[in-house]
$ cat work-v5.txt   # compact mmCIF, C-alpha atoms
# COMPACT_ATOMS: atom_id res chain seq x y z
CA MET A 1 40.21 -1.30 37.32
CA SER A 2 40.46 2.35 36.33
CA ALA A 3 37.37 4.36 35.44
CA ASP A 4 38.61 4.77 31.85
CA ASN A 5 38.99 1.00 31.39
CA ARG A 6 35.54 0.39 32.85
CA VAL A 7 34.01 2.92 30.45
CA GLY A 8 35.74 1.20 27.54
CA ASP A 9 34.59 -2.28 28.54
CA VAL A 10 30.99 -1.21 29.03
CA SER A 11 31.00 0.72 25.77
CA VAL A 12 31.99 -2.41 23.87
CA SER A 13 29.04 -4.30 25.33
CA LEU A 14 26.67 -1.45 24.48
CA ARG A 15 27.94 -1.16 20.90
CA ASN A 16 27.51 -4.89 20.37
CA LEU A 17 24.01 -4.63 21.83
CA LEU A 18 23.18 -1.73 19.53
CA ASN A 19 24.32 -3.60 16.43
CA SER A 20 22.31 -6.68 17.44
CA VAL A 21 19.11 -4.73 18.16
CA GLN A 22 19.39 -2.88 14.85
CA CYS A 23 19.80 -6.18 12.98
CA VAL A 24 16.74 -7.64 14.71
CA ARG A 25 14.72 -4.49 13.94
CA ASP A 26 15.68 -4.59 10.27
CA ARG A 27 14.77 -8.27 9.97
CA VAL A 28 11.38 -7.65 11.53
CA ARG A 29 10.75 -4.69 9.23
CA ASP A 30 11.64 -6.61 6.06
CA GLY A 31 11.13 -10.28 6.99
CA GLU A 32 8.32 -12.75 6.37
CA SER A 33 6.20 -14.53 8.95
CA ASN A 34 6.43 -18.22 9.67
CA LYS A 35 4.07 -20.47 7.76
CA SER A 36 1.08 -21.61 9.74
CA ASP A 37 -0.11 -25.19 9.36
CA GLY A 38 -3.57 -25.75 10.74
CA GLU A 39 -5.34 -23.66 13.35
CA PHE A 40 -3.67 -20.60 14.87
CA ASP A 41 -4.42 -19.59 18.46
CA LEU A 42 -4.73 -15.82 18.14
CA SER A 43 -5.63 -15.37 21.81
CA ASN A 44 -2.48 -17.18 22.93
CA PHE A 45 -0.44 -15.10 20.49
CA TRP A 46 -1.67 -11.85 22.04
CA ASP A 47 -1.08 -13.07 25.60
CA THR A 48 2.48 -14.09 24.75
CA LEU A 49 3.21 -10.96 22.72
CA ASN A 50 1.97 -8.61 25.44
CA GLN A 51 4.09 -10.43 28.01
CA ALA A 52 7.15 -10.18 25.76
CA VAL A 53 6.58 -6.44 25.33
CA LYS A 54 6.36 -5.96 29.11
CA VAL A 55 9.72 -7.69 29.53
CA VAL A 56 11.33 -5.43 26.91
CA SER A 57 9.99 -2.37 28.76
CA GLN A 58 11.33 -3.67 32.08
CA GLU A 59 14.74 -4.48 30.64
CA ALA A 60 15.01 -1.08 28.97
CA THR A 61 14.23 0.53 32.32
CA LYS A 62 16.95 -1.51 34.04
CA LEU A 63 19.45 -0.50 31.37
CA SER A 64 18.60 3.17 31.66
CA LEU A 65 18.79 3.12 35.46
CA ALA A 66 22.15 1.35 35.39
CA PHE A 67 23.63 4.25 33.44
CA SER A 68 21.85 7.06 35.24
CA ASN A 69 24.23 7.44 38.22
CA PRO A 70 27.79 6.47 39.08
CA PRO A 71 29.38 4.06 39.52
CA LEU A 72 29.17 2.45 36.09
CA PRO A 73 28.32 -1.23 35.90
CA SER A 74 31.29 -3.55 35.86
CA GLN A 75 32.20 -5.32 32.64
CA GLN A 76 30.44 -8.45 33.86
CA ASP A 77 27.32 -6.58 34.96
CA GLY A 78 27.29 -4.61 31.73
CA GLU A 79 27.41 -7.80 29.70
CA LYS A 80 24.58 -9.27 31.75
CA LEU A 81 22.45 -6.18 31.20
CA ALA A 82 23.16 -6.26 27.46
CA ASP A 83 22.43 -9.98 27.23
CA SER A 84 19.22 -9.60 29.17
CA ILE A 85 17.77 -6.83 27.02
CA LEU A 86 18.93 -8.58 23.84
CA ASN A 87 17.14 -11.76 24.92
CA SER A 88 13.96 -9.77 25.53
CA VAL A 89 14.24 -8.21 22.07
CA LEU A 90 14.81 -11.60 20.43
CA THR A 91 11.81 -13.05 22.26
CA LEU A 92 9.60 -10.19 21.10
CA SER A 93 10.68 -10.60 17.48
CA THR A 94 10.22 -14.38 17.66
CA VAL A 95 6.66 -14.05 18.95
CA TYR A 96 5.89 -11.50 16.25
CA TYR A 97 7.01 -14.01 13.62
CA TRP A 98 4.39 -16.44 14.93
CA LEU A 99 1.65 -14.30 13.40
CA PRO A 100 0.99 -15.72 9.90
CA LYS A 101 -0.23 -13.73 6.92
CA SER A 102 -3.31 -15.93 6.88
CA GLN A 103 -4.54 -14.04 9.95
CA GLY A 104 -4.71 -10.93 7.79
CA ILE A 105 -2.05 -8.81 6.12
CA THR A 106 -3.58 -5.61 7.49
CA LEU A 107 -3.36 -6.93 11.05
CA ARG A 108 0.17 -8.18 10.55
CA ARG A 109 1.34 -4.82 9.18
CA GLN A 110 0.08 -3.00 12.24
CA VAL A 111 1.66 -5.51 14.64
CA ARG A 112 4.89 -5.31 12.63
CA ASP A 113 4.94 -1.51 12.75
CA ALA A 114 4.32 -1.52 16.51
CA THR A 115 7.08 -4.09 17.03
CA VAL A 116 9.53 -2.11 14.91
CA GLN A 117 8.69 1.01 16.92
CA VAL A 118 9.65 -0.78 20.15
CA LEU A 119 12.89 -2.11 18.67
CA ASP A 120 13.73 1.28 17.22
CA GLY A 121 13.11 2.84 20.64
CA VAL A 122 15.48 0.40 22.31
CA ALA A 123 18.15 1.09 19.68
CA GLN A 124 17.79 4.84 20.17
CA LEU A 125 18.06 4.43 23.94
CA VAL A 126 21.33 2.50 23.60
CA GLU A 127 22.65 5.11 21.15
CA VAL A 128 21.82 7.92 23.58
CA ILE A 129 23.55 6.14 26.45
CA LEU A 130 26.63 5.63 24.29
CA SER A 131 26.70 9.25 23.13
CA SER A 132 26.19 10.74 26.62
CA PRO A 133 28.64 10.81 29.52
CA LEU A 134 28.26 7.31 30.90
CA GLN A 135 27.90 8.45 34.51
CA SER A 136 25.12 11.00 34.11
CA LEU A 137 21.42 10.96 33.27
CA SER A 138 20.73 13.26 30.31
CA GLN A 139 17.40 14.64 29.17
CA ASP A 140 17.84 12.70 25.94
CA GLN A 141 18.16 9.49 27.94
CA LEU A 142 14.97 10.26 29.87
CA THR A 143 13.18 11.02 26.61
CA SER A 144 14.43 7.84 24.95
CA THR A 145 13.41 5.72 27.92
CA GLY A 146 9.96 7.28 27.82
CA SER A 147 9.74 6.53 24.09
CA VAL A 148 10.34 2.85 24.75
CA TRP A 149 7.64 2.85 27.43
CA SER A 150 5.21 4.61 25.10
CA ALA A 151 5.88 2.16 22.26
CA CYS A 152 5.34 -0.79 24.59
CA ASP A 153 2.21 0.69 26.17
CA GLN A 154 0.41 0.85 22.81
CA PHE A 155 0.29 -2.94 22.40
CA PRO A 156 -2.86 -3.53 24.49
CA GLN A 157 -4.63 -0.98 22.24
CA LEU A 158 -3.65 -2.69 18.98
CA PRO A 159 -6.44 -4.26 16.88
CA GLN A 160 -6.93 -7.84 17.98
CA ASP A 161 -7.95 -9.28 14.60
CA ASN A 162 -8.02 -8.33 10.93
CA LYS A 163 -11.50 -6.82 11.13
CA GLU A 164 -10.38 -4.36 13.79
CA ALA A 165 -7.19 -3.65 11.86
CA VAL A 166 -9.13 -2.83 8.70
CA LEU A 167 -11.43 -0.50 10.64
CA VAL A 168 -8.36 1.36 11.93
CA VAL A 169 -7.13 1.92 8.37
CA LEU A 170 -10.53 3.09 7.16
CA SER A 171 -10.88 5.49 10.07
CA ALA A 172 -7.53 7.07 9.23
CA GLN A 173 -8.51 7.49 5.57
CA ILE A 174 -11.84 9.06 6.52
CA GLY A 175 -9.86 11.53 8.64
CA VAL A 176 -7.61 12.46 5.70
CA ILE A 177 -10.59 13.13 3.43
CA LYS A 178 -12.38 15.08 6.17
CA ASP A 179 -9.32 17.30 6.58
CA ALA A 180 -9.13 17.91 2.81
CA ILE A 181 -12.81 18.89 2.67
CA GLU A 182 -12.47 21.25 5.64
CA GLU A 183 -9.35 22.90 4.21
CA ILE A 184 -11.12 23.66 0.93
CA GLU A 185 -14.16 25.02 2.80
CA GLN A 186 -11.90 27.20 4.93
CA ALA A 187 -10.12 28.53 1.84
CA LEU A 188 -13.46 29.30 0.18
CA SER A 189 -14.52 31.35 3.19
CA GLU A 190 -11.57 33.71 2.69
CA PRO A 191 -11.91 36.92 0.60
CA LEU A 192 -12.15 36.39 -3.15
CA ASP A 193 -8.65 37.80 -3.58
CA PRO A 194 -6.70 37.69 -0.31
CA PHE A 195 -3.80 39.62 -1.90
CA SER A 196 -5.83 42.39 -3.51
CA ASP A 197 -4.44 45.03 -1.14
CA VAL A 198 -0.83 43.98 -1.70
CA LEU A 199 0.01 43.23 -5.28
CA ASP A 200 -1.90 45.99 -7.10
CA ASP A 201 0.33 48.65 -5.55
CA ASP A 202 3.33 47.03 -7.21
CA LEU A 203 1.84 47.04 -10.70
CA GLU A 204 2.96 49.97 -12.87
CA GLY A 205 1.80 50.23 -16.46
CA GLU A 206 0.20 46.80 -16.34
CA GLU A 207 -3.35 45.57 -16.34
CA PRO A 208 -4.77 45.62 -12.81
CA ARG A 209 -5.25 42.32 -11.04
CA GLY A 210 -2.54 40.53 -12.96
CA ASN A 211 -2.14 38.13 -10.07
CA GLN A 212 -4.84 35.62 -10.97
CA ASP A 213 -2.48 32.87 -9.85
CA THR A 214 -3.20 33.87 -6.26
CA TYR A 215 -6.99 33.63 -6.23
CA TRP A 216 -9.92 31.74 -7.75
CA SER A 217 -11.77 33.01 -10.78
CA ASP A 218 -15.54 32.64 -11.04
CA LYS A 219 -15.06 29.56 -13.22
CA ASP A 220 -12.65 28.09 -10.68
CA ARG A 221 -15.27 28.42 -7.97
CA ARG A 222 -17.87 26.73 -10.17
CA VAL A 223 -15.47 23.81 -10.67
CA ILE A 224 -14.86 23.55 -6.93
CA GLY A 225 -18.55 22.96 -6.16
CA PRO A 226 -18.95 19.56 -7.87
CA SER A 227 -15.39 18.64 -6.93
CA GLN A 228 -16.39 19.09 -3.30
CA GLY A 229 -19.38 16.90 -4.05
CA LEU A 230 -17.05 14.16 -5.24
CA MET A 231 -14.95 14.46 -2.11
CA LYS A 232 -18.01 14.26 0.12
CA ALA A 233 -19.37 11.25 -1.82
CA SER A 234 -16.02 9.50 -1.33
CA SER A 235 -16.14 10.22 2.40
CA ALA A 236 -19.71 8.90 2.57
CA CYS A 237 -18.63 5.75 0.75
CA LEU A 238 -15.89 5.05 3.26
CA ARG A 239 -18.22 5.73 6.19
CA LYS A 240 -20.82 3.36 4.78
CA LEU A 241 -18.17 0.73 4.10
CA THR A 242 -16.92 1.10 7.65
CA SER A 243 -20.43 0.56 9.02
CA ALA A 244 -20.92 -2.49 6.81
CA ILE A 245 -17.64 -4.05 7.93
CA ARG A 246 -18.34 -3.32 11.57
CA ALA A 247 -21.76 -4.94 11.33
CA ASN A 248 -21.14 -7.83 8.95
CA ALA A 249 -17.46 -8.71 8.59
CA ASP A 250 -16.50 -12.24 9.63
CA VAL A 251 -12.85 -13.12 10.23
CA ALA A 252 -13.41 -16.79 11.03
CA THR A 253 -11.90 -17.97 7.75
CA SER A 254 -8.72 -17.13 5.88
CA GLN A 255 -10.76 -16.31 2.77
CA ASN A 256 -12.82 -13.70 4.63
CA ARG A 257 -9.73 -12.13 6.14
CA SER A 258 -8.16 -11.95 2.69
CA GLN A 259 -11.25 -10.25 1.29
CA LEU A 260 -10.94 -7.56 3.95
CA ASP A 261 -7.31 -7.05 2.95
CA ASP A 262 -8.42 -6.63 -0.66
CA LEU A 263 -10.89 -3.93 0.42
CA VAL A 264 -8.09 -2.09 2.21
CA ASP A 265 -5.90 -2.23 -0.90
CA ILE A 266 -8.71 -0.72 -2.98
CA THR A 267 -9.68 1.99 -0.53
CA LYS A 268 -6.06 2.99 0.06
CA GLU A 269 -6.16 4.52 -3.40
CA LEU A 270 -9.04 6.77 -2.44
CA SER A 271 -7.70 9.12 0.23
CA PRO A 272 -4.45 10.00 -1.63
CA GLY A 273 -6.56 10.64 -4.74
CA ILE A 274 -8.88 12.95 -2.84
CA ASP A 275 -5.90 14.72 -1.28
CA ASP A 276 -4.40 15.23 -4.74
CA LEU A 277 -7.74 16.51 -6.04
CA ALA A 278 -7.94 19.03 -3.18
CA LEU A 279 -4.40 20.26 -3.88
CA CYS A 280 -5.02 20.86 -7.59
CA LEU A 281 -8.12 22.92 -6.76
CA TYR A 282 -5.96 25.68 -5.26
CA PRO A 283 -5.02 28.59 -7.51
CA PRO A 284 -3.70 28.63 -10.11
CA MET A 285 -6.16 25.88 -10.97
CA ASP A 286 -4.98 23.35 -13.55
CA TYR A 287 -8.19 22.14 -15.18
CA SER A 288 -6.56 19.12 -16.81
CA SER A 289 -5.26 17.95 -13.43
CA VAL A 290 -8.68 18.47 -11.86
CA GLU A 291 -10.32 16.39 -14.58
CA GLU A 292 -7.74 13.64 -14.18
CA HIS A 293 -8.25 13.42 -10.43
CA VAL A 294 -12.04 13.44 -10.55
CA ARG A 295 -11.87 10.46 -12.93
CA HIS A 296 -9.67 8.73 -10.34
CA ALA A 297 -12.26 9.41 -7.64
CA ARG A 298 -14.92 7.80 -9.86
CA THR A 299 -12.87 4.65 -10.33
CA SER A 300 -11.96 4.30 -6.66
CA SER A 301 -15.54 4.55 -5.48
CA HIS A 302 -16.36 0.94 -6.44
CA VAL A 303 -15.53 -0.57 -3.04
CA CYS A 304 -18.83 -1.97 -1.81
CA GLY A 305 -20.53 -5.30 -2.20
CA GLU A 306 -23.91 -6.43 -3.45
CA SER A 307 -25.41 -6.59 0.04
CA GLN A 308 -25.26 -2.78 0.23
CA LEU A 309 -26.64 -2.28 -3.29
CA THR A 310 -29.05 0.56 -2.47
CA TRP A 311 -26.53 2.98 -1.05
CA VAL A 312 -23.87 1.87 -3.54
CA GLN A 313 -26.19 2.93 -6.37
CA PHE A 314 -26.98 6.19 -4.60
CA LEU A 315 -23.31 7.04 -4.13
CA GLU A 316 -22.47 6.04 -7.70
CA GLY A 317 -25.19 8.41 -8.88
CA ALA A 318 -23.75 11.22 -6.75
CA VAL A 319 -20.25 10.56 -8.08
CA ASP A 320 -21.42 10.43 -11.70
CA HIS A 321 -23.42 13.63 -11.30
CA ASN A 322 -20.53 15.59 -9.81
CA LEU A 323 -18.03 14.12 -12.26
CA GLN A 324 -20.11 15.18 -15.27
CA LYS A 325 -20.81 18.60 -13.79
CA THR A 326 -17.12 19.20 -13.19
CA LYS A 327 -16.22 18.16 -16.74
CA ASP A 328 -18.96 20.37 -18.23
CA ILE A 329 -17.76 23.45 -16.34
CA ILE A 330 -14.10 22.81 -17.25
CA GLN A 331 -14.95 22.47 -20.93
CA GLN A 332 -16.90 25.72 -20.99
CA ASP A 333 -15.03 28.45 -22.86
CA SER A 334 -12.16 26.07 -23.54

$ encode --input "work-v5.txt" --output "structure tokens"
Amino acid sequence: MSADNRVGDVSVSLRNLLNSVQCVRDRVRDGESNKSDGEFDLSNFWDTLNQAVKVVSQEATKLSLAFSNPPLPSQQDGEKLADSILNSVLTLSTVYYWLPKSQGITLRRQVRDATVQVLDGVAQLVEVILSSPLQSLSQDQLTSTGSVWSACDQFPQLPQDNKEAVLVVLSAQIGVIKDAIEEIEQALSEPLDPFSDVLDDDLEGEEPRGNQDTYWSDKDRRVIGPSQGLMKASSACLRKLTSAIRANADVATSQNRSQLDDLVDITKELSPGIDDLALCLYPPMDYSSVEEHVRHARTSSHVCGESQLTWVQFLEGAVDHNLQKTKDIIQQDS
């Protein structure tokens, strides 16, 4: 068989493999889990899933090596390689579908995203092999192979139950709010008008400092103070909630796992709201937008249960104080 014919035969197998992997990936991304009747063995699920991921990593390595040096695999060997990696992908997706929503939607989302990342990595690897000369190892192929390994290697670090999954989400949101607070503090440490030595020279026959859109006025800075207080109270609320979940959360029942998912849904509104509040604090400050976003922060701060009543009341007081102070300053001279 000529080299051209062999390339054509192998390419057909790879294209079929690519289409199949992409279909599996899309079904995992958009599909529903199987219904679970009775008890679910979460430990067995993780053992089986981790083994399935290892097989996908091994099969991806075999595929990459087979197309790293001449000669190309024969048509029969190419089909075997494609069938083998497709079987590993199907096994991984099947095991993923074992995980029912009753084990926690937050957990299932994170397992789904990790599974999709592996499948996407395999699809990209096949695409790279198809787009590169089939008898040479390109840098893109090395990178794509490494991406599959990296996606597979993250599975042992995934949260093992819904409590751990919820803590991962809360930690990420705390990080977003922390970044927003630090960015505002950094901006406040800059000169009052960072462009004062640039724009005045361009003003002829106009009032000096006509560039108020580039810096904070005194009133703006007074508004920022209580707004920062709101942001810090929100961060404290999430940290306290995280501590409470870590210490007290119980995932033994479906009802408890569902309650944790509800908490995540509520708190997911908080970090985007704080991020939006931070953005509208930058000059030119839109006071109506600031007032709208501080009201949102007040609403989203009700995320804690009766067992933590003392610090809930403290944080509510801090939120109310900063909310009222912000509104009072905004309404001055308006």

$ residues_around --input "work-v5.txt" --residues "A:Arg257" --least-positions-apart "4" --cutoff "12 Å" --atoms "only C-alpha atoms" --output "PDB file with C-alpha atoms, in the frame of the given file"
ATOM      1  CA  PRO A 100       0.990 -15.720   9.900  1.00  0.00           C
ATOM      2  CA  LYS A 101      -0.230 -13.730   6.920  1.00  0.00           C
ATOM      3  CA  SER A 102      -3.310 -15.930   6.880  1.00  0.00           C
ATOM      4  CA  GLN A 103      -4.540 -14.040   9.950  1.00  0.00           C
ATOM      5  CA  GLY A 104      -4.710 -10.930   7.790  1.00  0.00           C
ATOM      6  CA  ILE A 105      -2.050  -8.810   6.120  1.00  0.00           C
ATOM      7  CA  THR A 106      -3.580  -5.610   7.490  1.00  0.00           C
ATOM      8  CA  LEU A 107      -3.360  -6.930  11.050  1.00  0.00           C
ATOM      9  CA  ARG A 108       0.170  -8.180  10.550  1.00  0.00           C
ATOM     10  CA  ASP A 161      -7.950  -9.280  14.600  1.00  0.00           C
ATOM     11  CA  ASN A 162      -8.020  -8.330  10.930  1.00  0.00           C
ATOM     12  CA  LYS A 163     -11.500  -6.820  11.130  1.00  0.00           C
ATOM     13  CA  GLU A 164     -10.380  -4.360  13.790  1.00  0.00           C
ATOM     14  CA  ALA A 165      -7.190  -3.650  11.860  1.00  0.00           C
ATOM     15  CA  VAL A 166      -9.130  -2.830   8.700  1.00  0.00           C
ATOM     16  CA  ILE A 245     -17.640  -4.050   7.930  1.00  0.00           C
ATOM     17  CA  ALA A 249     -17.460  -8.710   8.590  1.00  0.00           C
ATOM     18  CA  ASP A 250     -16.500 -12.240   9.630  1.00  0.00           C
ATOM     19  CA  VAL A 251     -12.850 -13.120  10.230  1.00  0.00           C
ATOM     20  CA  ALA A 252     -13.410 -16.790  11.030  1.00  0.00           C
ATOM     21  CA  THR A 253     -11.900 -17.970   7.750  1.00  0.00           C
ATOM     22  CA  ASP A 261      -7.310  -7.050   2.950  1.00  0.00           C
ATOM     23  CA  ASP A 262      -8.420  -6.630  -0.660  1.00  0.00           C
ATOM     24  CA  LEU A 263     -10.890  -3.930   0.420  1.00  0.00           C
ATOM     25  CA  VAL A 264      -8.090  -2.090   2.210  1.00  0.00           C
TER      26      VAL A 264
END

$ residues_around --input "work-v5.txt" --residues "A:Cys152" --least-positions-apart "3" --cutoff "9 Å" --atoms "all atoms listed in the file" --output "number ranges by chain"
A: 50, 53-54, 56-57, 114-115, 117-118, 147-149, 155-156

$ write_last_selection --input "work-v5.txt" --atoms "C-alpha atoms" --output "PDB file, in the frame of the given file"
ATOM      1  CA  ASN A  50       1.970  -8.610  25.440  1.00  0.00           C
ATOM      2  CA  VAL A  53       6.580  -6.440  25.330  1.00  0.00           C
ATOM      3  CA  LYS A  54       6.360  -5.960  29.110  1.00  0.00           C
ATOM      4  CA  VAL A  56      11.330  -5.430  26.910  1.00  0.00           C
ATOM      5  CA  SER A  57       9.990  -2.370  28.760  1.00  0.00           C
ATOM      6  CA  ALA A 114       4.320  -1.520  16.510  1.00  0.00           C
ATOM      7  CA  THR A 115       7.080  -4.090  17.030  1.00  0.00           C
ATOM      8  CA  GLN A 117       8.690   1.010  16.920  1.00  0.00           C
ATOM      9  CA  VAL A 118       9.650  -0.780  20.150  1.00  0.00           C
ATOM     10  CA  SER A 147       9.740   6.530  24.090  1.00  0.00           C
ATOM     11  CA  VAL A 148      10.340   2.850  24.750  1.00  0.00           C
ATOM     12  CA  TRP A 149       7.640   2.850  27.430  1.00  0.00           C
ATOM     13  CA  PHE A 155       0.290  -2.940  22.400  1.00  0.00           C
ATOM     14  CA  PRO A 156      -2.860  -3.530  24.490  1.00  0.00           C
TER      15      PRO A 156
END

$ residues_around --input "work-v5.txt" --residues "A:Asp275" --least-positions-apart "5" --cutoff "12 Å" --atoms "only C-alpha atoms" --output "VMD selection string"
chain A and resid 173 to 184 227 to 228 230 to 231 234 to 235 268 to 270 280 to 282 290 293 to 294 296 to 297

$ residues_around --input "work-v5.txt" --residues "A:Asp47" --least-positions-apart "2" --cutoff "12 Å" --atoms "all atoms listed in the file" --output "list of chain:residue names"
A:Asp41, A:Leu42, A:Ser43, A:Asn44, A:Phe45, A:Leu49, A:Asn50, A:Gln51, A:Ala52, A:Val53, A:Lys54, A:Leu92, A:Val95, A:Tyr96, A:Phe155, A:Pro156, A:Gln160

$ closest_residue --input "work-v5.txt" --among "A:Glu190, A:Pro284, A:Leu90, A:Lys327" --to "A:Ser20" --atoms "all atoms listed in the file"
A:Leu90

$ atom_distance --input "work-v5.txt" --atom1 "atom CA of A:Gln75" --atom2 "atom CA of A:Val28"
29.7 Å

$ atom_distance --input "work-v5.txt" --atom1 "atom CA of A:Arg27" --atom2 "atom CA of A:Gln124"
16.9 Å

$ closest_residue --input "work-v5.txt" --among "A:Pro226, A:Cys237, A:Ser254, A:Gln154" --to "A:Leu277" --atoms "only C-alpha atoms"
A:Pro226

$ atom_distance --input "work-v5.txt" --atom1 "atom CA of A:Ser189" --atom2 "atom CA of A:Leu170"
28.8 Å

$ closest_residue --input "work-v5.txt" --among "A:Leu119, A:Leu260, A:Ala233, A:Val223" --to "A:Gln324" --atoms "all atoms listed in the file"
A:Val223

$ closest_residue --input "work-v5.txt" --among "A:Ala60, A:Ile129, A:Ile85, A:Leu167" --to "A:Ala244" --atoms "only C-alpha atoms"
A:Leu167

$ decode --input "work-v5.txt" --residues "stretch 263-270 of chain A" --atoms "all heavy atoms" --output "PDB file, in the first residue's frame"
ATOM      1  N   LEU A 263     -27.837  26.982  49.214  1.00  0.00           N
ATOM      2  CA  LEU A 263     -26.916  28.005  49.707  1.00  0.00           C
ATOM      3  C   LEU A 263     -25.994  28.494  48.599  1.00  0.00           C
ATOM      4  O   LEU A 263     -25.725  29.689  48.474  1.00  0.00           O
ATOM      5  CB  LEU A 263     -26.085  27.451  50.868  1.00  0.00           C
ATOM      6  CG  LEU A 263     -26.709  27.480  52.255  1.00  0.00           C
ATOM      7  CD1 LEU A 263     -25.771  26.811  53.266  1.00  0.00           C
ATOM      8  CD2 LEU A 263     -27.012  28.899  52.695  1.00  0.00           C
ATOM      9  N   VAL A 264     -25.510  27.572  47.789  1.00  0.00           N
ATOM     10  CA  VAL A 264     -24.631  27.954  46.681  1.00  0.00           C
ATOM     11  C   VAL A 264     -25.367  28.861  45.704  1.00  0.00           C
ATOM     12  O   VAL A 264     -24.829  29.876  45.240  1.00  0.00           O
ATOM     13  CB  VAL A 264     -24.095  26.699  45.955  1.00  0.00           C
ATOM     14  CG1 VAL A 264     -23.468  27.071  44.619  1.00  0.00           C
ATOM     15  CG2 VAL A 264     -23.062  25.992  46.819  1.00  0.00           C
ATOM     16  N   ASP A 265     -26.624  28.514  45.394  1.00  0.00           N
ATOM     17  CA  ASP A 265     -27.397  29.339  44.458  1.00  0.00           C
ATOM     18  C   ASP A 265     -27.562  30.762  44.985  1.00  0.00           C
ATOM     19  O   ASP A 265     -27.511  31.740  44.220  1.00  0.00           O
ATOM     20  CB  ASP A 265     -28.769  28.709  44.217  1.00  0.00           C
ATOM     21  CG  ASP A 265     -28.684  27.443  43.383  1.00  0.00           C
ATOM     22  OD1 ASP A 265     -27.666  27.273  42.687  1.00  0.00           O
ATOM     23  OD2 ASP A 265     -29.631  26.630  43.440  1.00  0.00           O
ATOM     24  N   ILE A 266     -27.780  30.885  46.298  1.00  0.00           N
ATOM     25  CA  ILE A 266     -27.948  32.215  46.892  1.00  0.00           C
ATOM     26  C   ILE A 266     -26.632  32.990  46.868  1.00  0.00           C
ATOM     27  O   ILE A 266     -26.574  34.152  46.463  1.00  0.00           O
ATOM     28  CB  ILE A 266     -28.477  32.098  48.328  1.00  0.00           C
ATOM     29  CG1 ILE A 266     -29.887  31.502  48.328  1.00  0.00           C
ATOM     30  CG2 ILE A 266     -28.491  33.456  49.015  1.00  0.00           C
ATOM     31  CD1 ILE A 266     -30.396  31.125  49.702  1.00  0.00           C
ATOM     32  N   THR A 267     -25.577  32.340  47.317  1.00  0.00           N
ATOM     33  CA  THR A 267     -24.302  33.053  47.434  1.00  0.00           C
ATOM     34  C   THR A 267     -23.676  33.353  46.077  1.00  0.00           C
ATOM     35  O   THR A 267     -22.848  34.261  45.970  1.00  0.00           O
ATOM     36  CB  THR A 267     -23.301  32.237  48.281  1.00  0.00           C
ATOM     37  OG1 THR A 267     -23.112  30.932  47.694  1.00  0.00           O
ATOM     38  CG2 THR A 267     -23.807  32.058  49.695  1.00  0.00           C
ATOM     39  N   LYS A 268     -24.075  32.621  45.044  1.00  0.00           N
ATOM     40  CA  LYS A 268     -23.545  32.912  43.711  1.00  0.00           C
ATOM     41  C   LYS A 268     -23.960  34.293  43.215  1.00  0.00           C
ATOM     42  O   LYS A 268     -23.342  34.834  42.304  1.00  0.00           O
ATOM     43  CB  LYS A 268     -24.010  31.838  42.714  1.00  0.00           C
ATOM     44  CG  LYS A 268     -23.111  30.613  42.667  1.00  0.00           C
ATOM     45  CD  LYS A 268     -23.551  29.655  41.584  1.00  0.00           C
ATOM     46  CE  LYS A 268     -22.580  28.498  41.458  1.00  0.00           C
ATOM     47  NZ  LYS A 268     -23.015  27.520  40.426  1.00  0.00           N
ATOM     48  N   GLU A 269     -25.015  34.838  43.810  1.00  0.00           N
ATOM     49  CA  GLU A 269     -25.422  36.187  43.436  1.00  0.00           C
ATOM     50  C   GLU A 269     -24.519  37.245  44.069  1.00  0.00           C
ATOM     51  O   GLU A 269     -24.499  38.398  43.630  1.00  0.00           O
ATOM     52  CB  GLU A 269     -26.867  36.432  43.887  1.00  0.00           C
ATOM     53  CG  GLU A 269     -27.889  35.487  43.274  1.00  0.00           C
ATOM     54  CD  GLU A 269     -29.281  35.749  43.820  1.00  0.00           C
ATOM     55  OE1 GLU A 269     -29.451  36.792  44.493  1.00  0.00           O
ATOM     56  OE2 GLU A 269     -30.178  34.934  43.578  1.00  0.00           O
ATOM     57  N   LEU A 270     -23.798  36.855  45.109  1.00  0.00           N
ATOM     58  CA  LEU A 270     -23.079  37.850  45.892  1.00  0.00           C
ATOM     59  C   LEU A 270     -21.816  38.354  45.202  1.00  0.00           C
ATOM     60  O   LEU A 270     -21.636  39.565  45.038  1.00  0.00           O
ATOM     61  CB  LEU A 270     -22.727  37.254  47.261  1.00  0.00           C
ATOM     62  CG  LEU A 270     -22.117  38.203  48.285  1.00  0.00           C
ATOM     63  CD1 LEU A 270     -23.019  39.416  48.486  1.00  0.00           C
ATOM     64  CD2 LEU A 270     -21.905  37.482  49.613  1.00  0.00           C
TER      65      LEU A 270
END
